[in-house]
Protein chains: 2
Amino acid sequence: VAASILCIGTELTRGEIVNTNAAWLSEQLTRLGFEVLQSVEVPDDPVSIGDAIRQLAERATVIVATGGLGPTTDDLTNAAVARFLGVELWRDEPGLLALRERFAKLGRTFHPSNAKQLDFPAGATPLPNEVGTAPGFSIKIGTATAYFLPGVPGEMKPMFTRSVEPALGGVARQGMHQIRLKTFGMPEARVNDLLSGIEERYRVTLGYRAHFPQIEVKVLARAATQEQALALAEPAANEVRARLGSAVFAEGDVTLAESVGLLLRERGLSLGLAESCTGGLVAQLICERPASEYFRGAVVCYANGVKSAVLGVDERVLAEKGAVSAEVVEQMAQGARRVLAADVALAITGIAGPSGGSVEKPVGLVHYAVATAAGITLRQTSMPRSRDQVRLHAAYTGLMLVRQVLLEGHMAR
Amino acid sequence: VAASILCIGTELTRGEIVNTNAAWLSEQLTRLGFEVLQSVEVPDDPVSIGDAIRQLAERATVIVATGGLGPTTDDLTNAAVARFLGVELWRDEPGLLALRERFAKLGRTFHPSNAKQLDFPAGATPLPNEVGTAPGFSIKIGTATAYFLPGVPGEMKPMFTRSVEPALGGVARQGMHQIRLKTFGMPEARVNDLLSGIEERYRVTLGYRAHFPQIEVKVLARAATQEQALALAEPAANEVRARLGSAVFAEGDVTLAESVGLLLRERGLSLGLAESCTGGLVAQLICERPASEYFRGAVVCYANGVKSAVLGVDERVLAEKGAVSAEVVEQMAQGARRVLAADVALAITGIAGPSGGSVEKPVGLVHYAVATAAGITLRQTSMPRSRDQVRLHAAYTGLMLVRQVLLEGHMAR
């Protein structure tokens with residue numbers, strides 16, 4: 001079945017933001033068995049919007065559109081659709097009342113321009129927005145059904161999942177099962193080489209998605225039924241796990257920090273951090289999901305004075321060996337373990353750049369230490385990349401080191 | 001002058017990769033004075049490619065296309081263009097010879113399928129590829145000129161810059177100037193209402209981009225020359241600043257953390273943090289850019305034991321008032337200022353959710369304190385949203401509070 005995507009927004013056609021909605025919607029529609037014929041971006045301009053709708057409705061059965069539903073004057077989608085169809089706008093008064101009540105409940109002021117979001121083309125069915133304030137709508141355009149969703153990904157995705165996907169359910173859906181395995185520490189070409197032959201042997205399709213610093217391996221099986229697809233995908237995924245070993249840290253939406261948290265909770269251990277060059281990034285990755293069961297806290301010791309005053313790093317060692325050294329990272333980890341009263345402490349210190357590097361200690365050099373009751377584990381990496389990449393890579397390497405120490409099992413509380 | 005973009009590749013319409021080429025090309029064409037009317041993605045299919053070319057050539061003077069120029073069987077662009085125009089393919093024999101020599105020089109094997117990359121539609125002018133092996137080409141399509149470039153960004157970008165951009169030089173280049181102002185703390189509808197009338201009075205276009213939790217206001221002026229556009233944009237931007245007041249925290253690519261860092265550096269002051277519910281997020285926002293000139297560090301006190309042991313928060317106060325209270329956040333800020341030896345300390349404690357809320361202290365309640373030599377400033381917000389949003393909103397609110405304390409100027413070192 002043919003589908004098309006329309007992304008509305010001058011910020012797209014001026015290249016101010018990268019369009020991630022089109023890729024996400026393409027993936028969803030493909031998963032649901034649609035063939036995406038075209039994905040189009042147009043500016044917030046009624047004529048351009050109307051022209052694009054006409055083009056897409058000629059060939060597609062389903063059109064999913066995003067953007068231009070907000071309260072500001074450059075949000076023109078509802079009016080443009082009405083203009084294209086030659087119908088009037090009607091105001092959804094019950095919806096408006098509900099929105100006003102929601103604003104009141106949240107203690108937010110309702111502004112006159114918010115009301116405009118409840119003006120729909122005649123014939124439209126509003127779609128609720130559970131996250132933001134702009135509702136979407138669906139409407140027939142010739143023989144096609146079009147769904148208009150917000151442009152903000154955090155609002156668009158739940159609206160698609162809750163309102164659009166069930167409506168598309170009637171479409172013949174093939175049996176399909178996908179298992180996503182997340183890896184860290186191996187280059188993409190090596191992952192690819194290690195997995196050669198699996199597609200043929202297990203009758204699955206392997207996909208790779210590099211999302212720095214991790215590489216996701218997607219094992220996709222298609223069959224007549226969902227159960228048959230599952231029965232193909234699972235042994236193939238086990239083979240992928242066996243071949244990639246400890247590089248696979250999680251499955252599906254589980255993050256690296258969560259996978260480490262799970263190991264800590266299973267063992268009844270707590271974690272503390274001492275972060276220098278990562279500057280709170282590891283703590284932030286941990287606290288993205290609830291972590292109070294195992295996370296004590298972190299000392300972000302950006303200044304050397306904090307390393308000595310708070311973590312007790314010896315000032316002479318700091319002066320002699322430098323802040324980026326095995327000696328200092330070891331003392332940081334031991335200090336964090338003591339000060340934060342944690343069973344396990346991870347310390348990271350390095351040179352994130354862009355400045356601060358030298359011949360002996362270039363940008364990208366990072367030292368790591370994991371301290372436990374059983375002792376200390378040290379590591380060092382060197383990765384001459386951008387500041388963001390050095391920091392992200394260091395945060396992942398540090399968490400992988402904690403994972404390794406926990407899995408190797410020589411832990412005493 | 002009107003331009004359009006065509007991105008060819010089934011990996012795009014299946015959502016396997018995010019299309020960054022469209023955003024990059026849109027940005028370049030906008031910079032060169034073009035108005036991008038449409039950006040279209042189609043699969044590697046001759047009919048879809050031909051249909052899209054027909055649509056785009058109707059309105060655009062310039063078409064820039066990417067993808068489908070490679071050696072594999074799914075690379076069909078050259079053949080699809082020839083088919084659409086009803087012309088034959090011709091083989092660029094001198095180009096083929098040069099390519100063979102390049103392969104030999106690099107010690108790479110020349111495969112028969114590589115020759116296919118040198119087959120161009122009659123009327124095409126080849127464009128050299130200095131990075132990869134697939135040349136591009138330009139060709140007239142009706143009144144439009146189309147440029148076909150590789151899909152790999154690392155090959156596409158230099159080809160655009162070296163071969164396409166100079167060819168577009170003849171196109172009348174309009175003067176354009178855009179000023180981007182970043183705001184926090186006002187809902188989008190209120191920002192819009194406060195700025196009503198500016199577009200007409202100053203002859204500019206206002207655009208809004210909500211990127212949670214900030215809202216960017218874009219002031220765009222077009223005129224015959226760059227200087228005239230600048231002369232229109234600047235007074236309009238000043239009017240926006242005047243109307244939105246302290247909600248505007250930065251211009252262009254400057255982040256909130258950077259704008260706070262700038263104020264601190266100007267005053268010769270250092271900053272320290274005590275983070276509970278934000279869990280290192282504020283530190284992370286600060287350390288995204290170099291910050292060692294003013295940032296001392298942070299204590300991420302996720303566990304209450306860390307609040308008392310490291311920051312010296314009174315255990316009785318913690319027990320009586322709870323970790324999320326004005327009393328505790330004040331002691332956190334004072335403790336961070338002392339322990340981290342910082343001139344200014346920001347403390348944040350709240351309930352990020354999804355669990356942990358109560359009737360008196362619901363999810364989304366956050367307390368803030370900024371401690372300086374001159375005293376303490378407290379704030380409290382309540383924002384019942386998702387965990388990610390509560391934390392991001394709290395981090396921004398905290399940084400804005402530091403900004404406000406610095407700007408109000410009652411600071412002694």
# chains A, B, ... in the order shown; residues from 1 in each chain; ligands from 1
$ interface_residues --of "chain B" --to "chain A" --cutoff "7 Å" --atoms "only C-alpha atoms" --output "PyMOL selection string"
chain B and resi 12-20+23-24+26-27+30+36-43+189-190+192+207+279-281+283-284+287-288+292+295-303+306+310+339-340+388
$ select_by_dssp --residues "stretch 109-257 of chain A" --states "strand (DSSP E)" --output "PyMOL selection string"
chain A and resi 119-121+125-127+136-141+144-149+175-184+205-211+214-223+248-251
$ write_last_selection --atoms "N, CA and C atoms" --output "compact mmCIF listing (two decimals), in the first residue's frame"
# COMPACT_ATOMS: atom_id res chain seq x y z
N ASP A 119 -8.80 25.53 15.40
CA ASP A 119 -9.52 25.78 14.14
C ASP A 119 -9.16 24.70 13.14
N PHE A 120 -10.17 23.88 12.76
CA PHE A 120 -9.90 22.77 11.84
C PHE A 120 -10.66 22.96 10.53
N PRO A 121 -10.14 22.40 9.42
CA PRO A 121 -10.91 22.43 8.16
C PRO A 121 -12.18 21.59 8.32
N THR A 125 -11.20 15.32 11.56
CA THR A 125 -11.38 14.71 12.87
C THR A 125 -10.16 15.05 13.71
N PRO A 126 -10.33 15.81 14.81
CA PRO A 126 -9.16 16.16 15.63
C PRO A 126 -8.51 14.92 16.24
N LEU A 127 -7.18 14.98 16.38
CA LEU A 127 -6.41 13.92 17.05
C LEU A 127 -5.81 14.52 18.31
N GLY A 136 -3.66 17.38 16.50
CA GLY A 136 -3.55 17.08 15.08
C GLY A 136 -4.93 16.85 14.51
N PHE A 137 -5.00 16.42 13.25
CA PHE A 137 -6.30 16.04 12.69
C PHE A 137 -6.10 15.09 11.51
N SER A 138 -7.19 14.34 11.21
CA SER A 138 -7.18 13.53 10.01
C SER A 138 -8.29 14.02 9.10
N ILE A 139 -8.12 13.83 7.79
CA ILE A 139 -9.10 14.34 6.84
C ILE A 139 -8.95 13.58 5.52
N LYS A 140 -10.06 13.37 4.80
CA LYS A 140 -10.01 12.73 3.49
C LYS A 140 -9.57 13.76 2.45
N ILE A 141 -8.65 13.38 1.59
CA ILE A 141 -8.25 14.24 0.47
C ILE A 141 -8.36 13.38 -0.77
N ALA A 144 -7.39 9.58 -0.74
CA ALA A 144 -6.38 9.38 0.30
C ALA A 144 -6.90 9.85 1.66
N THR A 145 -6.33 9.27 2.72
CA THR A 145 -6.56 9.78 4.07
C THR A 145 -5.27 10.44 4.53
N ALA A 146 -5.41 11.70 4.98
CA ALA A 146 -4.22 12.43 5.43
C ALA A 146 -4.30 12.65 6.93
N TYR A 147 -3.13 12.50 7.59
CA TYR A 147 -3.01 12.71 9.04
C TYR A 147 -2.05 13.88 9.24
N PHE A 148 -2.50 14.92 9.92
CA PHE A 148 -1.65 16.08 10.17
C PHE A 148 -1.22 16.07 11.64
N LEU A 149 0.08 16.01 11.86
CA LEU A 149 0.63 15.86 13.21
C LEU A 149 1.56 17.05 13.52
N GLY A 175 3.78 -10.67 8.82
CA GLY A 175 4.45 -11.07 10.04
C GLY A 175 5.88 -10.57 10.02
N MET A 176 6.30 -9.91 11.09
CA MET A 176 7.62 -9.30 11.11
C MET A 176 8.10 -9.24 12.54
N HIS A 177 9.37 -9.52 12.75
CA HIS A 177 9.91 -9.36 14.09
C HIS A 177 11.32 -8.81 13.99
N GLN A 178 11.61 -7.80 14.78
CA GLN A 178 12.94 -7.19 14.76
C GLN A 178 13.54 -7.19 16.15
N ILE A 179 14.81 -7.57 16.23
CA ILE A 179 15.53 -7.53 17.50
C ILE A 179 16.71 -6.57 17.31
N ARG A 180 16.81 -5.58 18.20
CA ARG A 180 17.89 -4.60 18.08
C ARG A 180 18.92 -4.83 19.18
N LEU A 181 20.16 -5.04 18.79
CA LEU A 181 21.24 -5.27 19.75
C LEU A 181 22.19 -4.09 19.70
N LYS A 182 22.53 -3.55 20.88
CA LYS A 182 23.40 -2.38 20.93
C LYS A 182 24.82 -2.77 21.28
N THR A 183 25.78 -2.26 20.53
CA THR A 183 27.18 -2.61 20.75
C THR A 183 28.02 -1.34 20.92
N PHE A 184 29.15 -1.52 21.60
CA PHE A 184 30.10 -0.42 21.75
C PHE A 184 31.50 -1.00 21.70
N THR A 205 17.34 -10.42 7.75
CA THR A 205 18.07 -9.29 7.19
C THR A 205 18.78 -8.58 8.34
N LEU A 206 20.07 -8.30 8.17
CA LEU A 206 20.79 -7.54 9.19
C LEU A 206 20.91 -6.09 8.75
N GLY A 207 20.61 -5.19 9.66
CA GLY A 207 20.79 -3.76 9.38
C GLY A 207 21.75 -3.19 10.41
N TYR A 208 22.47 -2.15 10.02
CA TYR A 208 23.43 -1.52 10.93
C TYR A 208 23.09 -0.06 11.05
N ARG A 209 23.15 0.44 12.27
CA ARG A 209 22.90 1.85 12.45
C ARG A 209 23.95 2.39 13.40
N ALA A 210 24.83 3.22 12.88
CA ALA A 210 25.87 3.81 13.71
C ALA A 210 25.33 5.09 14.31
N HIS A 211 25.21 5.10 15.62
CA HIS A 211 24.76 6.31 16.32
C HIS A 211 25.83 6.56 17.37
N GLN A 214 27.76 4.35 19.68
CA GLN A 214 27.33 2.96 19.65
C GLN A 214 26.91 2.54 18.25
N ILE A 215 26.96 1.24 18.00
CA ILE A 215 26.49 0.70 16.73
C ILE A 215 25.39 -0.30 17.05
N GLU A 216 24.24 -0.09 16.41
CA GLU A 216 23.11 -0.97 16.65
C GLU A 216 23.05 -1.98 15.51
N VAL A 217 22.84 -3.24 15.85
CA VAL A 217 22.65 -4.29 14.85
C VAL A 217 21.18 -4.68 14.89
N LYS A 218 20.50 -4.55 13.74
CA LYS A 218 19.08 -4.89 13.70
C LYS A 218 18.90 -6.23 12.99
N VAL A 219 18.27 -7.16 13.67
CA VAL A 219 18.00 -8.48 13.10
C VAL A 219 16.51 -8.49 12.74
N LEU A 220 16.24 -8.50 11.43
CA LEU A 220 14.85 -8.40 10.98
C LEU A 220 14.44 -9.69 10.28
N ALA A 221 13.32 -10.27 10.75
CA ALA A 221 12.79 -11.48 10.10
C ALA A 221 11.38 -11.20 9.62
N ARG A 222 11.09 -11.63 8.41
CA ARG A 222 9.73 -11.53 7.84
C ARG A 222 9.23 -12.94 7.56
N ALA A 223 7.95 -13.16 7.84
CA ALA A 223 7.35 -14.46 7.55
C ALA A 223 5.84 -14.25 7.44
N VAL A 248 28.29 -6.45 22.83
CA VAL A 248 26.84 -6.23 22.94
C VAL A 248 26.51 -5.94 24.39
N PHE A 249 25.95 -4.73 24.65
CA PHE A 249 25.69 -4.38 26.05
C PHE A 249 24.21 -4.35 26.39
N ALA A 250 23.34 -4.27 25.39
CA ALA A 250 21.91 -4.17 25.70
C ALA A 250 21.09 -4.49 24.47
N GLU A 251 19.79 -4.65 24.71
CA GLU A 251 18.85 -4.95 23.63
C GLU A 251 17.74 -3.91 23.63
$ calpha_fit_rmsd --fixed "chain B" --moving "chain A"
5.1 Å
$ closest_atom_pairs --of "stretch 229-335 of chain A" --to "stretch 359-371 of chain A" --cutoff "6 Å" --atoms "only C-alpha atoms" --output "JSON lines"
{"residue": "A:Val329", "atom": "CA", "partner": "A:Ala369", "partner_atom": "CA", "distance": 5.9}
{"residue": "A:Glu330", "atom": "CA", "partner": "A:Ala369", "partner_atom": "CA", "distance": 5.5}
{"residue": "A:Ala333", "atom": "CA", "partner": "A:Ala371", "partner_atom": "CA", "distance": 5.6}
{"residue": "A:Gln334", "atom": "CA", "partner": "A:Ala371", "partner_atom": "CA", "distance": 5.9}
$ select_by_dssp --residues "stretch 12-169 of chain A" --states "alpha helix (DSSP H)" --output "PyMOL selection string"
chain A and resi 12-13+20-31+46-59+77-85+93-105+112-115+153-159+165-167
$ atom_distance --atom1 "atom CA of B:Thr377" --atom2 "atom CA of B:Leu401"
8.3 Å
